[in-house]
Structures are given as structure tokens and as C-alpha cells.
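What follows is a short report on a single structure.
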Amino acid sequence: MKKRVFSGIQPTGDIHIGNYLAAIKHWVASQTELDSVFCIVDLHAITVPQETNVLKSKIREVTGLLLAAGIDPKLSTVFIQSHNSAHTELAWILNCFTPMGWMQRMTQFKDKLQEQKEQVSVGLFDYPALMAADILLYNTDIVPVGEDQKQHVELTRDIAQRFNSIYGETFKLPEPLIPETGARIMGLDDPTTKMSKSEAGSGHAINLLDPSDTIRAKVMQATTDSLREIRFDENRPGIYNLLVIYELFTGLSRPDIEARFERKGYVNLKQELAEIIVDSLRPLQSRYQELTADPTYLDSVLTEGSSRIRPLAEKTMTVVKEKVGLG
Ligand code: AQP
């Protein structure tokens with residue numbers, strides 16, 4: 001039996017190289033040895049305001065990008081969260097077993113609360129319970145995520161353990177899988193904040209569908225520092241972030257990269273990095289154009305994914321409802 005992997009991606013904003021290097025690239029690499037389930041989490045997306053038509057088209061865009069990056073729908077299951085109502089049903093049940101205090105400790109919510117103040121939705125507060133439902137529905141073994149989602153996976157384990165302690169062994173406890181390098185790619189304009197889809201600044205993120213000249217311009221404008229030496233030093237977040245991106249796209253070792261840029265300046269590093277990103281994303285971008293040329297293809301993949309996954313969720317819901325005494 002292959003271990004099951006579950007991961008989600010929000011169809012919000014533009015998918016960027018942080019999503020790609022920390023998550024999507026690893027999903028592609030492990031799909032032959034793991035039973036992989038990837039969910040386009042549109043119900044998570046509406047925890048902040050979305051425009052109807054934009055959300056619908058972003059769902060297809062993210063699906064196209066996952067496939068263009070190498071997710072193979074014959075090996076992996078790709079589906080839309082809202083196509084399976086078991087996600088919201090289980091989330092409600094888990095809500096009833098989750099103390100408010102646990103949710104109030106979630107740092108992502110606390111950060112968004114600072115930004116959105118009283119506009120923040122109840123749905124955003126409850127986001128981690130929905131994420132717990134996503135994961136627990138499918139007896140997930142491994143949840144590959146970036147560093148920002150680690151706390152939510154730990155909460156999922158706590159909720160599962162609590163439920164299991166009341167009703168006996170029901171949910172498998174999932175393990176977060178965080179990449180050793182690049183688990184937190186930072187914004188190019190501000191390397192002290194994580195690269196994020198919802199950040200508005202035009203020089204903040206490199207998006208997977210950015211034209212070559214846009215990528216070049218963003219890299220050349222990236223914030224660095226006034227020092228000269230090019231080496232991996234976490235205390236110099238701007239240059240460190242660029243070097244990590246360089247490392248992840250090239251696969252070269254840190255000593256090799258440092259040796260390559262000895263006695264060279266930041267401009268050399270930025271120029272070379274920009275070309276590496278442009279070249280690395282080119283095949284993905286042309287594959288994306290091919291895949292989206294047929295408007296029915298992506299929907300057929302998503303429909304097939306939903307019907308493959310639904311019986312697994314139904315099995316879990318039957319057990320959970322029986323244990324809780326519903327119906
Ligand atoms: N900057 C990042 N560095 C490393 N990993 C990242 N991830 C997101 N940003 C970074 C990882 O990408 C996967 C998909 O992310 P998501 O769309 O589900 O949600 P998110 O974490 O909320 O991503 P964003 O880009 O910051 O989106 P918004 O702005 O919409 O909230 C996850 O595995 C995530 O860890």
C-alpha cells in the first residue's frame with residue numbers, strides 16, 4: 001500500500017515561485033511513489049472576498065498550472081474542494097470538538113486579523129478546521145506544505161487525537177512534510193515577509209505565468225543590502241532569499257554557488273538568476289498554453305478527480321456519523 005499524500009492550494013491571486021518551489025515541485029516529484037491527492041481549495045479561498053468570475057477562472061488556471069508543472073492526472077487525483085460536500089460536513093463536526101483556545105493560537109489568523117480588523121470573517125477564523133477536515137477525510141499519511149502551514153497540520157493532529165480519544169481510533173494522524181530548503185520563500189520587495197499571492201506590490205512575487213521581461217525586471221529590482229559579498233547568510237534576508245531561489249532552481253550546492261559568485265557583484269547574481277528562472281518556467285508556460293487550448297480538458301480532469309475521491313470521503317463520513325450518533 002502506498003502512503004497517501006494530501007495537499008491543497010488556494011485558487012486566489014497568481015501562483016508564484018514560493019508555491020512552486022516549496023509545494024508543487026515536491027508534489028510532482030513524489031507522485032509515482034505516493035498515492036497523491038491534490039485539492040483546489042475554493043472553499044478556503046472565499047474566507048476572504050473574491051469576485052465570482054475571477055474565482056471561477058482562477059480554479060481552472062491553478063488546475064492548468066498543476067498539470068503544466070507535471071502533476072499527472074493518471075497518477076494523482078486533482079479535484080475541487082466544493083465538489084465534495086463531505087469537506088464542509090466534516091468541518092462542522094470537527095468544529096464541535098475543537099476548543100476556541102486552540103484556534104485562537106493560530107498565527108496566520110492573528111496576522112490576518114491585524115490586517116483586516118473587524119472585517120475578518122468567521123470563515124477565516126475557522127479555516128484550520130476546514131483544513132483538518134480536508135486532510136482527515138482521506139486517511140492522509142503525509143501533508144507536504146510550506147513552513148506557513150505547519151501549525152495548521154499540527155492542529156489537525158490535535159483535533160484528530162481528541163476525537164480518537166473520545167470515540168476510539170477513527171482518524172489517522174497525518175505528518176507534515178516541510179522541505180529542508182525553501183520552505184519559506186520571501187517577498188522580493190520585502191525579504192522579511194513571505195512571498196504571498198494576496199500581497200499587492202508589483203515587485204513582490206514572481207508568478208509562474210509572468211512574461212520573461214517581467215521576471216527580469218522583478219529580480220533586478222529585488223531588495224538586497226549595501227554589502228558586497230555573495231554568500232548564504234540568513235542575517236542578510238534579501239541576498240539569502242535570492243541565493244535560495246538560485247539553489248532550488250539549479251540544484252547546485254551552496255559552496256558551488258558561493259564559489260561561482262566570488263568577486264562578482266549583486267548585479268551579476270540578479271542577471272544570472274533572472275535567466276535561470278525564465279528558462280526554468282518556459283516549458284511550464286508553454287505546456288500551460290497547450291493544456292488550456294482545449295477548454296473541456298481541465299474540467300474533465302476535475303470531474304474524474306471528484307468521482308475518484310468521493311467514495312473515500314463517504315466511507316469516512318459513515319464511520320464518523322455512526323460514532324458521533326448522528327442520524
Ligand atoms: N512564500 C512561500 N514559501 C514557501 N511555501 C509557500 N506556500 C505559500 N507561500 C509560500 C505554500 O504553497 C502551498 C499552497 O499555498 P496556498 O495557496 O494554499 O496558501 P497560502 O499558504 O496562504 O499561500 P499564499 O501564496 O500566501 O496565498 P494567500 O496570499 O492567498 O494566503 C502551501 O503548501 C503553502 O505552504
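Identifiers in this document derive from the order of the C-alpha cells: chains are assigned A, B, ..., residues are numbered from 1 separately in each chain, and ligands are numbered from 1 in order of occurrence.
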Would you please extract all strand (DSSP E) residues from range 11-231 of chain A, as assigned by DSSP on the backbone, and give them as a PDB file with N, CA and C atoms, in the first residue's frame?
ATOM      1  N   ASP A  35       0.476   7.822  -3.038  1.00  0.00           N
ATOM      2  CA  ASP A  35      -0.898   7.967  -3.517  1.00  0.00           C
ATOM      3  C   ASP A  35      -1.281   9.436  -3.276  1.00  0.00           C
ATOM      4  N   SER A  36      -1.246  10.230  -4.346  1.00  0.00           N
ATOM      5  CA  SER A  36      -1.307  11.692  -4.177  1.00  0.00           C
ATOM      6  C   SER A  36      -2.684  12.271  -4.480  1.00  0.00           C
ATOM      7  N   VAL A  37      -3.145  13.098  -3.567  1.00  0.00           N
ATOM      8  CA  VAL A  37      -4.438  13.766  -3.725  1.00  0.00           C
ATOM      9  C   VAL A  37      -4.206  15.273  -3.601  1.00  0.00           C
ATOM     10  N   PHE A  38      -4.560  16.017  -4.647  1.00  0.00           N
ATOM     11  CA  PHE A  38      -4.361  17.467  -4.633  1.00  0.00           C
ATOM     12  C   PHE A  38      -5.697  18.163  -4.823  1.00  0.00           C
ATOM     13  N   CYS A  39      -5.960  19.082  -3.919  1.00  0.00           N
ATOM     14  CA  CYS A  39      -7.277  19.709  -3.871  1.00  0.00           C
ATOM     15  C   CYS A  39      -7.153  21.208  -4.150  1.00  0.00           C
ATOM     16  N   ILE A  40      -8.010  21.686  -5.051  1.00  0.00           N
ATOM     17  CA  ILE A  40      -8.082  23.128  -5.310  1.00  0.00           C
ATOM     18  C   ILE A  40      -9.077  23.666  -4.275  1.00  0.00           C
ATOM     19  N   SER A  76      -2.078  10.968 -10.082  1.00  0.00           N
ATOM     20  CA  SER A  76      -2.560  11.751  -8.940  1.00  0.00           C
ATOM     21  C   SER A  76      -4.020  12.133  -9.149  1.00  0.00           C
ATOM     22  N   THR A  77      -4.699  12.397  -8.035  1.00  0.00           N
ATOM     23  CA  THR A  77      -6.092  12.845  -8.119  1.00  0.00           C
ATOM     24  C   THR A  77      -6.135  14.349  -7.872  1.00  0.00           C
ATOM     25  N   VAL A  78      -6.729  15.068  -8.814  1.00  0.00           N
ATOM     26  CA  VAL A  78      -6.866  16.527  -8.670  1.00  0.00           C
ATOM     27  C   VAL A  78      -8.361  16.833  -8.699  1.00  0.00           C
ATOM     28  N   PHE A  79      -8.840  17.558  -7.700  1.00  0.00           N
ATOM     29  CA  PHE A  79     -10.275  17.858  -7.674  1.00  0.00           C
ATOM     30  C   PHE A  79     -10.537  19.178  -6.958  1.00  0.00           C
ATOM     31  N   ILE A  80     -11.795  19.660  -7.111  1.00  0.00           N
ATOM     32  CA  ILE A  80     -12.191  20.921  -6.485  1.00  0.00           C
ATOM     33  C   ILE A  80     -12.886  20.622  -5.156  1.00  0.00           C
ATOM     34  N   ILE A 142       0.640  11.857   4.870  1.00  0.00           N
ATOM     35  CA  ILE A 142       1.642  12.926   4.761  1.00  0.00           C
ATOM     36  C   ILE A 142       0.997  14.175   4.163  1.00  0.00           C
ATOM     37  N   VAL A 143       1.325  15.323   4.745  1.00  0.00           N
ATOM     38  CA  VAL A 143       0.823  16.600   4.195  1.00  0.00           C
ATOM     39  C   VAL A 143       2.037  17.473   3.843  1.00  0.00           C
ATOM     40  N   PRO A 144       2.421  17.480   2.551  1.00  0.00           N
ATOM     41  CA  PRO A 144       3.576  18.304   2.178  1.00  0.00           C
ATOM     42  C   PRO A 144       3.159  19.765   2.040  1.00  0.00           C
ATOM     43  N   GLU A 175       1.300  13.462   9.125  1.00  0.00           N
ATOM     44  CA  GLU A 175       2.608  14.098   9.402  1.00  0.00           C
ATOM     45  C   GLU A 175       2.810  15.245   8.419  1.00  0.00           C
ATOM     46  N   PRO A 176       3.217  16.428   8.919  1.00  0.00           N
ATOM     47  CA  PRO A 176       3.576  17.483   7.960  1.00  0.00           C
ATOM     48  C   PRO A 176       4.919  17.159   7.319  1.00  0.00           C
ATOM     49  N   LEU A 177       5.072  17.478   6.064  1.00  0.00           N
ATOM     50  CA  LEU A 177       6.365  17.288   5.397  1.00  0.00           C
ATOM     51  C   LEU A 177       6.815  18.653   4.865  1.00  0.00           C
TER      52      LEU A 177
END
Counting only C-alpha atoms and all ligand atoms, which protein, DNA or RNA residues come within 7 Å of ligand 1, given as a short mmCIF file (atom, residue, chain, number, x, y, z; two decimals) with N, CA, C and O atoms, in the first residue's frame?
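Okay, part_0.cif is ready:
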data_model
loop_
_atom_site.label_atom_id
_atom_site.label_comp_id
_atom_site.auth_asym_id
_atom_site.auth_seq_id
_atom_site.Cartn_x
_atom_site.Cartn_y
_atom_site.Cartn_z
N SER A 7 -2.59 17.46 -0.27
CA SER A 7 -2.21 18.86 -0.14
C SER A 7 -3.20 19.71 -0.90
O SER A 7 -3.84 19.25 -1.85
N GLY A 8 -3.32 20.96 -0.47
CA GLY A 8 -4.27 21.86 -1.11
C GLY A 8 -3.60 23.13 -1.58
O GLY A 8 -2.51 23.48 -1.11
N ILE A 9 -4.24 23.78 -2.53
CA ILE A 9 -3.74 25.07 -3.00
C ILE A 9 -4.95 25.97 -3.23
O ILE A 9 -5.96 25.52 -3.78
N GLN A 10 -4.83 27.21 -2.79
CA GLN A 10 -5.96 28.15 -2.95
C GLN A 10 -5.97 28.77 -4.34
O GLN A 10 -4.92 29.24 -4.79
N PRO A 11 -7.14 28.82 -4.97
CA PRO A 11 -7.22 29.48 -6.28
C PRO A 11 -7.40 30.99 -6.12
O PRO A 11 -8.37 31.57 -6.59
N THR A 12 -6.46 31.58 -5.39
CA THR A 12 -6.53 33.03 -5.13
C THR A 12 -5.30 33.65 -5.77
O THR A 12 -4.23 33.07 -5.71
N GLY A 13 -5.42 34.80 -6.34
CA GLY A 13 -4.26 35.51 -6.88
C GLY A 13 -3.50 34.68 -7.89
O GLY A 13 -4.02 33.74 -8.49
N ILE A 15 -0.37 32.16 -8.86
CA ILE A 15 0.53 31.17 -8.25
C ILE A 15 1.97 31.63 -8.51
O ILE A 15 2.34 31.98 -9.62
N HIS A 16 2.76 31.61 -7.44
CA HIS A 16 4.11 32.18 -7.52
C HIS A 16 5.19 31.12 -7.28
O HIS A 16 4.88 29.96 -6.97
N GLY A 18 7.11 30.74 -4.84
CA GLY A 18 7.11 30.19 -3.47
C GLY A 18 6.21 28.96 -3.43
O GLY A 18 6.61 27.91 -2.90
N ASN A 19 5.01 29.06 -4.02
CA ASN A 19 4.10 27.90 -4.09
C ASN A 19 4.77 26.77 -4.87
O ASN A 19 4.67 25.60 -4.51
N TYR A 20 5.47 27.14 -5.93
CA TYR A 20 6.07 26.13 -6.81
C TYR A 20 7.25 25.42 -6.12
O TYR A 20 7.29 24.19 -6.05
N LEU A 21 8.19 26.21 -5.60
CA LEU A 21 9.43 25.61 -5.08
C LEU A 21 9.20 24.83 -3.78
O LEU A 21 9.84 23.81 -3.55
N ALA A 22 8.26 25.33 -2.94
CA ALA A 22 8.06 24.66 -1.65
C ALA A 22 7.02 23.56 -1.72
O ALA A 22 7.04 22.64 -0.91
N ALA A 23 6.10 23.66 -2.65
CA ALA A 23 5.00 22.70 -2.65
C ALA A 23 4.89 21.95 -3.99
O ALA A 23 5.24 20.76 -4.06
N PRO A 144 2.42 17.48 2.55
CA PRO A 144 3.58 18.30 2.18
C PRO A 144 3.16 19.76 2.04
O PRO A 144 2.29 20.09 1.24
N VAL A 145 3.75 20.62 2.86
CA VAL A 145 3.37 22.04 2.86
C VAL A 145 4.60 22.92 3.07
O VAL A 145 5.66 22.44 3.48
N GLY A 146 4.43 24.21 2.82
CA GLY A 146 5.45 25.19 3.20
C GLY A 146 5.37 25.43 4.71
O GLY A 146 4.40 25.02 5.36
N GLU A 147 6.39 26.09 5.23
CA GLU A 147 6.50 26.34 6.67
C GLU A 147 5.24 27.02 7.24
O GLU A 147 4.82 26.72 8.36
N ASP A 148 4.61 27.91 6.43
CA ASP A 148 3.47 28.69 6.92
C ASP A 148 2.27 27.82 7.32
O ASP A 148 1.43 28.25 8.10
N GLN A 149 2.20 26.60 6.78
CA GLN A 149 1.04 25.75 7.06
C GLN A 149 1.31 24.70 8.14
O GLN A 149 0.41 23.93 8.49
N GLY A 182 13.93 26.20 1.33
CA GLY A 182 12.89 26.88 0.54
C GLY A 182 11.50 26.72 1.08
O GLY A 182 10.52 26.95 0.38
N ALA A 183 11.38 26.33 2.36
CA ALA A 183 10.05 26.16 2.95
C ALA A 183 9.36 27.50 3.12
O ALA A 183 8.16 27.56 3.37
N ARG A 184 10.14 28.57 3.00
CA ARG A 184 9.58 29.91 3.17
C ARG A 184 10.32 30.86 2.22
O ARG A 184 11.36 31.42 2.58
N ILE A 185 9.79 30.97 1.02
CA ILE A 185 10.37 31.91 0.05
C ILE A 185 9.81 33.30 0.40
O ILE A 185 8.62 33.44 0.65
N MET A 186 10.70 34.27 0.43
CA MET A 186 10.29 35.60 0.90
C MET A 186 9.97 36.54 -0.27
O MET A 186 10.40 36.30 -1.41
N LYS A 194 6.81 36.71 3.94
CA LYS A 194 6.77 35.58 2.99
C LYS A 194 6.14 36.02 1.67
O LYS A 194 5.25 36.87 1.65
N MET A 195 6.63 35.42 0.60
CA MET A 195 6.04 35.68 -0.71
C MET A 195 4.60 35.19 -0.66
O MET A 195 4.35 34.04 -0.27
N SER A 196 3.66 36.05 -1.04
CA SER A 196 2.25 35.69 -0.86
C SER A 196 1.42 36.15 -2.06
O SER A 196 1.66 37.21 -2.61
N LYS A 197 0.43 35.32 -2.42
CA LYS A 197 -0.43 35.66 -3.56
C LYS A 197 -1.24 36.92 -3.29
O LYS A 197 -1.57 37.65 -4.19
N SER A 198 -1.62 37.12 -2.02
CA SER A 198 -2.52 38.24 -1.72
C SER A 198 -1.77 39.55 -1.49
O SER A 198 -2.40 40.56 -1.22
N GLU A 199 -0.46 39.54 -1.59
CA GLU A 199 0.31 40.78 -1.42
C GLU A 199 0.23 41.59 -2.71
O GLU A 199 0.49 41.07 -3.80
#
TODO: Taking the chain letters and numbering used in this document, name the residues of range 144-207 of chain A that DSSP puts in helix (DSSP H, G or I), as a PyMOL selection string.
DONE: chain A and resi 147-167
Report as JSON lines the residues of range 208-320 of chain A within 10 Å of range 154-171 of chain A, each with its shortest atom pair and distance in Å (one decimal), using only C-alpha atoms, ordered by chain and increasing residue number.
{"residue": "A:Thr316", "atom": "CA", "partner": "A:Thr170", "partner_atom": "CA", "distance": 8.6}
{"residue": "A:Val319", "atom": "CA", "partner": "A:Thr170", "partner_atom": "CA", "distance": 7.8}
{"residue": "A:Val320", "atom": "CA", "partner": "A:Thr170", "partner_atom": "CA", "distance": 7.5}
- [ ] Name all residues at most 12 Å from range 49-57 of chain A (count only C-alpha atoms; drop same-chain ones fewer than 4 positions away) and give them as a list in words.
- [x] Gln10, Pro11, Thr12, Gly13, Asp14, Ile40, Val41, Asp42, Leu43, His44, Ala45, Glu61, Val62, Thr63, Gly64, Ile80, Ser82, Gln116, Gln119, Val120, Ser121, Gly123, Leu124, Ser198, Thr292, Pro295, Leu298 and Asp299 of chain A
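If you measure from each of A:Arg60, A:Glu180, A:Tyr246, A:Gln31 to Leu273 in chain A using only C-alpha atoms, the closest one turns out to be A:Tyr246.
Remark: for Gln221 in chain A, the closest of the candidate residues A:Met317, A:Ile17, A:Ala274, A:Ile245 is A:Ala274 (distances computed over only C-alpha atoms).
For the atom pair formed by CA of Asn207 in chain A and CA of Thr140 in chain A, the distance is 29.3 Å, given to one decimal.
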Which residues, written as an mmCIF file with N, CA and C atoms, in the first residue's frame, have at least one atom at most 12 Å from Asp190 in chain A, with only C-alpha atoms counted and residues fewer than 3 positions away on the same chain left out?
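Written file, around26.cif:
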data_model
loop_
_atom_site.group_PDB
_atom_site.id
_atom_site.type_symbol
_atom_site.label_atom_id
_atom_site.label_comp_id
_atom_site.auth_asym_id
_atom_site.auth_seq_id
_atom_site.Cartn_x
_atom_site.Cartn_y
_atom_site.Cartn_z
ATOM 1 N N ILE A 185 9.791 30.966 1.016
ATOM 2 C CA ILE A 185 10.372 31.915 0.050
ATOM 3 C C ILE A 185 9.813 33.299 0.401
ATOM 4 N N MET A 186 10.701 34.275 0.428
ATOM 5 C CA MET A 186 10.294 35.598 0.896
ATOM 6 C C MET A 186 9.973 36.537 -0.273
ATOM 7 N N GLY A 187 9.243 37.609 0.049
ATOM 8 C CA GLY A 187 8.890 38.595 -0.978
ATOM 9 C C GLY A 187 10.139 39.269 -1.525
ATOM 10 N N THR A 193 9.091 39.383 4.749
ATOM 11 C CA THR A 193 7.731 38.808 4.754
ATOM 12 C C THR A 193 7.658 37.705 3.701
ATOM 13 N N LYS A 194 6.814 36.707 3.942
ATOM 14 C CA LYS A 194 6.772 35.583 2.990
ATOM 15 C C LYS A 194 6.141 36.016 1.666
ATOM 16 N N MET A 195 6.634 35.423 0.596
ATOM 17 C CA MET A 195 6.043 35.685 -0.714
ATOM 18 C C MET A 195 4.602 35.188 -0.658
ATOM 19 N N SER A 196 3.659 36.046 -1.036
ATOM 20 C CA SER A 196 2.251 35.692 -0.860
ATOM 21 C C SER A 196 1.423 36.148 -2.059
ATOM 22 N N GLU A 199 -0.463 39.535 -1.595
ATOM 23 C CA GLU A 199 0.306 40.779 -1.419
ATOM 24 C C GLU A 199 0.234 41.588 -2.708
ATOM 25 N N GLY A 201 1.892 44.391 -3.947
ATOM 26 C CA GLY A 201 3.040 45.049 -4.594
ATOM 27 C C GLY A 201 3.466 44.366 -5.893
ATOM 28 N N SER A 202 3.715 45.152 -6.956
ATOM 29 C CA SER A 202 4.008 44.544 -8.264
ATOM 30 C C SER A 202 5.374 43.858 -8.295
ATOM 31 N N GLY A 203 6.282 44.260 -7.409
ATOM 32 C CA GLY A 203 7.603 43.613 -7.398
ATOM 33 C C GLY A 203 7.721 42.564 -6.299
ATOM 34 N N HIS A 204 6.598 42.150 -5.748
ATOM 35 C CA HIS A 204 6.636 41.272 -4.576
ATOM 36 C C HIS A 204 6.929 39.801 -4.923
ATOM 37 N N ALA A 205 6.203 39.276 -5.907
ATOM 38 C CA ALA A 205 6.283 37.836 -6.188
ATOM 39 C C ALA A 205 6.579 37.595 -7.664
ATOM 40 N N GLN A 221 14.988 44.374 -9.539
ATOM 41 C CA GLN A 221 14.563 45.358 -8.521
ATOM 42 C C GLN A 221 14.532 44.779 -7.108
ATOM 43 N N ALA A 222 14.847 43.501 -6.952
ATOM 44 C CA ALA A 222 14.705 42.860 -5.635
ATOM 45 C C ALA A 222 15.538 43.597 -4.584
ATOM 46 N N THR A 223 14.963 43.708 -3.415
ATOM 47 C CA THR A 223 15.645 44.399 -2.308
ATOM 48 C C THR A 223 16.809 43.546 -1.811
ATOM 49 N N THR A 224 17.993 44.159 -1.713
ATOM 50 C CA THR A 224 19.138 43.431 -1.129
ATOM 51 C C THR A 224 19.685 44.264 0.039
ATOM 52 N N ASP A 225 20.989 44.475 0.073
ATOM 53 C CA ASP A 225 21.559 45.296 1.149
ATOM 54 C C ASP A 225 22.747 46.056 0.571
ATOM 55 N N ARG A 236 21.198 38.224 6.289
ATOM 56 C CA ARG A 236 21.059 39.181 5.182
ATOM 57 C C ARG A 236 19.907 38.668 4.300
ATOM 58 N N PRO A 237 18.659 38.919 4.737
ATOM 59 C CA PRO A 237 17.500 38.221 4.151
ATOM 60 C C PRO A 237 17.319 38.410 2.646
ATOM 61 N N GLY A 238 17.659 39.577 2.107
ATOM 62 C CA GLY A 238 17.437 39.826 0.674
ATOM 63 C C GLY A 238 18.314 38.930 -0.183
ATOM 64 N N ILE A 239 19.612 38.966 0.082
ATOM 65 C CA ILE A 239 20.551 38.201 -0.740
ATOM 66 C C ILE A 239 20.382 36.693 -0.459
ATOM 67 N N ASN A 241 17.601 35.164 0.288
ATOM 68 C CA ASN A 241 16.403 34.710 -0.433
ATOM 69 C C ASN A 241 16.723 34.464 -1.915
ATOM 70 N N LEU A 242 17.476 35.384 -2.520
ATOM 71 C CA LEU A 242 17.821 35.209 -3.948
ATOM 72 C C LEU A 242 18.690 33.967 -4.131
#
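Within the 10 Å cut-off around Ile93 in chain A, using only C-alpha atoms and omitting residues fewer than 3 positions from it on the same chain, the listed residues are Thr88, Glu89, Leu90, Cys96, Phe97, Thr98, Ala129, Ala133, Val320, Lys321 and Val324 of chain A.
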Please save C-alpha atoms of the selected residues as an mmCIF file, in the first residue's frame.
data_model
loop_
_atom_site.group_PDB
_atom_site.id
_atom_site.type_symbol
_atom_site.label_atom_id
_atom_site.label_comp_id
_atom_site.auth_asym_id
_atom_site.auth_seq_id
_atom_site.Cartn_x
_atom_site.Cartn_y
_atom_site.Cartn_z
ATOM 1 C CA THR A 88 -17.831 21.144 4.941
ATOM 2 C CA GLU A 89 -19.829 18.431 6.683
ATOM 3 C CA LEU A 90 -16.781 17.034 8.465
ATOM 4 C CA CYS A 96 -17.680 20.840 17.740
ATOM 5 C CA PHE A 97 -14.583 19.057 19.054
ATOM 6 C CA THR A 98 -12.161 21.972 18.711
ATOM 7 C CA ALA A 129 -10.954 23.264 10.983
ATOM 8 C CA ALA A 133 -11.423 18.052 7.515
ATOM 9 C CA VAL A 320 -17.738 9.420 11.843
ATOM 10 C CA LYS A 321 -21.539 9.895 11.867
ATOM 11 C CA VAL A 324 -20.961 10.543 16.976
#
Open item on the list: So that I can see what lies close to Pro283 in chain A, please list as a list in words the residues with an atom at most 9 Å from it, counting only C-alpha atoms and leaving out residues fewer than 4 positions away in the same chain.
Closed with: Ala68, Ala69, Asp279, Arg287 and Tyr288 of chain A
Open item on the list: Just want the 12 Å neighbourhood of Ile257 in chain A, counted on only C-alpha atoms, with same-chain residues fewer than 5 positions away dropped. Output as a count of residues only.
Closed with: 20
